[in-house]
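Below: one structure, written as structure tokens.
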Amino acid sequence: MSELVTDILTISINGVALGCIYGLIALGFVLIYKATEMVNFAQGDLMMLGAFFAYTFITAFGFDYWIGIIAAIVVMALFGFVLDAVLLRQVIGQPQFAVVMLTIGLGFIFRSSAGVGFGHDPVSFETPFTNKVVTLSENLIIGQENIAIVVGTIALCAVLYVFFRFTRLGIAMQASSQNQLAAYYMGIPVKVVFSLIWAISAGVAVVAGVLVSPLTLIDPDMGFLGIKAFAAAVLGGFGSIPGALIGGIIIGIVEQAAGLWLPAGFGEVSAFVVLLAVLVIRPGGLFAQVGRKKV
Amino acid sequence: MRFIFKTDYQQDIRVWRHGGDLFWYGLLLVSMIVAPTVLDDFYLGELSVVLVWAVAAIGLMLLVGYTGLVSLGHAAFLGIGAYTEAYLLGQGVPFLISFPLAGLVTAMAGVAIGVPTLRMTGLYLAIATLAFATIVEKVFSNWNSVTGGFDGLPVEYPSLFGYELAESWHFYYLCLCVLVAVIWFSTNLLRSPTGRAMVAIRDSEISAQSMGVNLAKYKTIAFAISAGITGLAGGLFAHYVQHLAPDAFSILLSIQLLLAVIVGGVGSIHGAIYGAIFIGILPQAIAILRDYLPSKIADTAGLEPGIFGLILVYIILAEPMGIYGRWLKIRFFFDLFPLYKKATFKRQKSFTKSERLR
């Protein structure tokens, strides 16, 4: 294979893996936005907390990898539920801006409490995929953690799709997202449904955190990945689940390509350049869901 | 309680509602003018920082509080102003020209980001400005010939009429003059047709458009003015830090400015000033607080953002109108004493109104 083809293949595979991570975090944003119209800027920090919990369960408590992840998901889901029930429920109906600032504030709090609780040194834990590779050809080698990311993302999306499409609770969630008052009249416990959405979203954040931890290491500032994931969600059109994934993958591939072919410094901003360009042409993102508001 | 007997429509848009206003603001101005004779250099420096933040916060307030456009990218405008000022002074341009130019260049940057984002609202606008700020920050650190990259850019002292402003009280008066000019400009802007068009856009874009407000024109104007004022603050900021480094203008600075606007009270010039006092004083207060905390918490690097976050959460949940709102409540209590009703400022229960579905 010529070098260019190998480059392109490597970029697309790594880009897709990175993009899936962005997509997973973005999925958390989108779930909450779809149901409650809140924008959760603390999603990246929820991911960071989830990764730290998984790390604690696996290394400090000596849990098995899979059991550790499930324990972390349960803990974070509870955390997400309580977070909504205690704090975020109070700002329902307030301007979107208030919610954005509230979650930014929560993100800061999570970050500094993680710094106090878990320390500022980057940590990582052994996964079943660490340091294993799949060799496709002489110079095309893929790390197993990248494959795990892609497979994990696909599996999670399938589960979420089935959940929203076919279960009673999932349909109740869709109903409360479309019209809160009407959902109340139909007997849906909207408050509980909203808190459950936050729980699911926090659980998704744990999965994202665990999958990304072999690539980035776990430290309190890991949540800044959330900003790029946010860009991914907006690129795809906030509120669309496939949009979030596609947006994530576009940004992942663009970043990888810019990192390889463009001078240093472009890699980090390329995602935002693409985002701005898309937003200028399509102000609601690729899969826009925003209609003109009626008075 | 003071009852104002209105006999003229002009009274509604007067800057001073009554003689008391003129008296108290005059007293405040006089005490600000004599402050350097009383305060020593350290406190004067801190006060100057508060004045710089106040200029920046007013700039952001015009956009967020009065036009309803949320920007997560004002650190970029502050940075553009600061770098323009430092670069022009370095090229030998006199301060009296370079400083207004800093504002003008930033205003043009504001138009540059305002025009393409005209069709965006709320969330999409916030993330677009965030993207813009991230790109600008990278430009600062990589455009070595102008910004000096990571080595930074030294800033010369401003000089007026061949007289170098190197003392801390010189800088203080400079900031005070700029702030007073900016407040004068903003209050007058807000009672002009332009300002009222901005407020109309904030309250409802569609209603504003139906009343004949040209959305594109006034949003662009709002962006330009807001960016220009923030750019002036950036020019002052450059003189305050005296050595510009690109990492000063990160997203954290944007959030800090938004924090000032929210904590002070969205939708009032007073709020911008209170917020500036808040973010100017808080770091010092935290430094003092560190001595009294257990060492494990006090030594952690993230203490300051954590406390910022706590205050932000508290303000949004408990004091949505910020410090200025709290002051209004207290004044109202004494105005109406003993008839004050708690329910006066109570939030109404509300539901999420979807903005997605037609």
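In the structure tokens, the first chain shown is A, the next is B, and so on; residue numbers restart at 1 for each chain, and ligands run from 1 in the order shown.
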- Write out as a VMD selection string all residues of range 61-242 of chain A that DSSP puts in strand (DSSP E) for this structure's backbone. chain A and resid 133 to 137 140 to 143
C-alpha atoms of the current selection, written as an mmCIF file, in the first residue's frame:
data_model
loop_
_atom_site.group_PDB
_atom_site.id
_atom_site.type_symbol
_atom_site.label_atom_id
_atom_site.label_comp_id
_atom_site.auth_asym_id
_atom_site.auth_seq_id
_atom_site.Cartn_x
_atom_site.Cartn_y
_atom_site.Cartn_z
ATOM 1 C CA VAL A 133 -2.901 -4.229 18.775
ATOM 2 C CA VAL A 134 -4.520 -5.666 15.720
ATOM 3 C CA THR A 135 -2.182 -5.803 12.741
ATOM 4 C CA LEU A 136 -4.095 -5.433 9.502
ATOM 5 C CA SER A 137 -1.067 -5.125 7.276
ATOM 6 C CA LEU A 140 -1.480 -0.423 9.405
ATOM 7 C CA ILE A 141 -1.721 -1.212 13.084
ATOM 8 C CA ILE A 142 -4.746 -0.427 15.223
ATOM 9 C CA GLY A 143 -4.729 -0.334 18.994
#
- Task: Tell me, as a ChimeraX atom specification, which residues lie within 8 Å of Phe125 in chain A, counting only C-alpha atoms; anything in the same chain fewer than 4 positions away does not count.
- Result: /A:55,58-59,214
- Item | Shell around Ser168 in chain B at 10 Å using only C-alpha atoms, local window under 5 positions removed, as number ranges by chain | B: 36, 40-42, 44-45, 48, 173-174, 240
Could you write out the selected residues, including N, CA and C atoms, as a tab-separated table (two decimals), in the first residue's frame?
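Final file, out.tsv:
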chain	number	residue	atom	x	y	z
B	36	PRO	N	-6.97	58.51	45.63
B	36	PRO	CA	-5.51	58.33	45.65
B	36	PRO	C	-4.83	59.07	46.79
B	40	ASP	N	-3.06	53.69	49.84
B	40	ASP	CA	-1.67	53.47	49.44
B	40	ASP	C	-1.64	52.69	48.12
B	41	ASP	N	-0.44	52.45	47.60
B	41	ASP	CA	-0.30	51.94	46.24
B	41	ASP	C	-0.99	50.60	46.02
B	42	PHE	N	-0.92	49.71	47.02
B	42	PHE	CA	-1.51	48.38	46.84
B	42	PHE	C	-3.01	48.48	46.60
B	44	LEU	N	-4.70	51.06	45.75
B	44	LEU	CA	-4.98	51.82	44.54
B	44	LEU	C	-4.89	50.90	43.32
B	45	GLY	N	-3.89	50.00	43.34
B	45	GLY	CA	-3.74	49.03	42.25
B	45	GLY	C	-4.97	48.14	42.16
B	48	SER	N	-7.81	49.97	40.72
B	48	SER	CA	-7.68	50.15	39.27
B	48	SER	C	-8.13	48.90	38.54
B	173	TYR	N	-6.24	57.14	37.54
B	173	TYR	CA	-7.06	58.20	36.93
B	173	TYR	C	-7.41	57.89	35.49
B	174	LEU	N	-6.44	57.26	34.79
B	174	LEU	CA	-6.72	56.87	33.40
B	174	LEU	C	-7.93	55.94	33.35
B	240	TYR	N	-2.11	47.38	32.68
B	240	TYR	CA	-2.10	46.86	34.05
B	240	TYR	C	-1.10	45.71	34.19
- Just the alpha helix (DSSP H) stuff from range 111-338 of chain B, please, per backbone DSSP, written as an MDAnalysis selection string. chainID B and resid 111:114 122:142 144:147 168:190 193:203 205:210 215:241 251:264 269:290 295:298 303:318 322:336
List every residue of range 56-135 of chain A that has an atom at most 10 Å from any atom of range 312-336 of chain B, giving for each one its closest atom pair and the distance in Å to one decimal, counting only C-alpha atoms, sorted by chain and then by ascending residue number, as CSV.
residue,atom,partner,partner_atom,distance
A:Leu87,CA,B:Leu317,CA,7.9
A:Leu88,CA,B:Leu317,CA,8.9
A:Gln90,CA,B:Leu317,CA,7.1
A:Val91,CA,B:Leu317,CA,7.1
A:Gln94,CA,B:Pro320,CA,9.6
A:Ala98,CA,B:Ile316,CA,6.5
A:Val99,CA,B:Ile316,CA,8.3
A:Met101,CA,B:Leu312,CA,7.4
A:Leu102,CA,B:Val313,CA,5.3
A:Thr103,CA,B:Val313,CA,8.0
A:Ile104,CA,B:Leu312,CA,8.5
A:Gly105,CA,B:Leu312,CA,5.6
A:Leu106,CA,B:Val313,CA,6.8
A:Phe108,CA,B:Leu312,CA,9.7
A:Ile109,CA,B:Val313,CA,9.3
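Between CA of Phe166 in chain A and CA of Val190 in chain A there is a distance of 18.6 Å.
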- Skip Phe194 in chain A itself and residues of its chain fewer than 4 positions away, then list as a list in words all residues within 7 Å of it, counting only C-alpha atoms. Ala35, Thr36, Val190 and Trp198 of chain A
- Excluding same-chain residues fewer than 3 positions from Leu49 in chain A, what lies within 10 Å of it counting only C-alpha atoms, as an MDAnalysis selection string? chainID A and resid 43:46 52:55 72 76 110:111 113:114 118 202 205:206 209 218:220 222:223
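With only C-alpha atoms taken into account, the protein and nucleic acid residues at most 10 Å from range 274-282 of chain A (excluding it and anything under 6 positions from it in its own chain) are A:Lys228, A:Ala231, A:Ala232, A:Val234, A:Leu235, A:Gly236, A:Gly237, A:Gly247, A:Ile250, A:Ile251, A:Val254, A:Glu255, A:Ala288, B:Ile113, B:Val115, B:Pro116, B:Thr117, B:Leu118, B:Arg119, B:Met120, B:Tyr124, B:Leu125, B:Ile127, B:Ala128, B:Thr129, B:Leu130, B:Ala131, B:Phe132.
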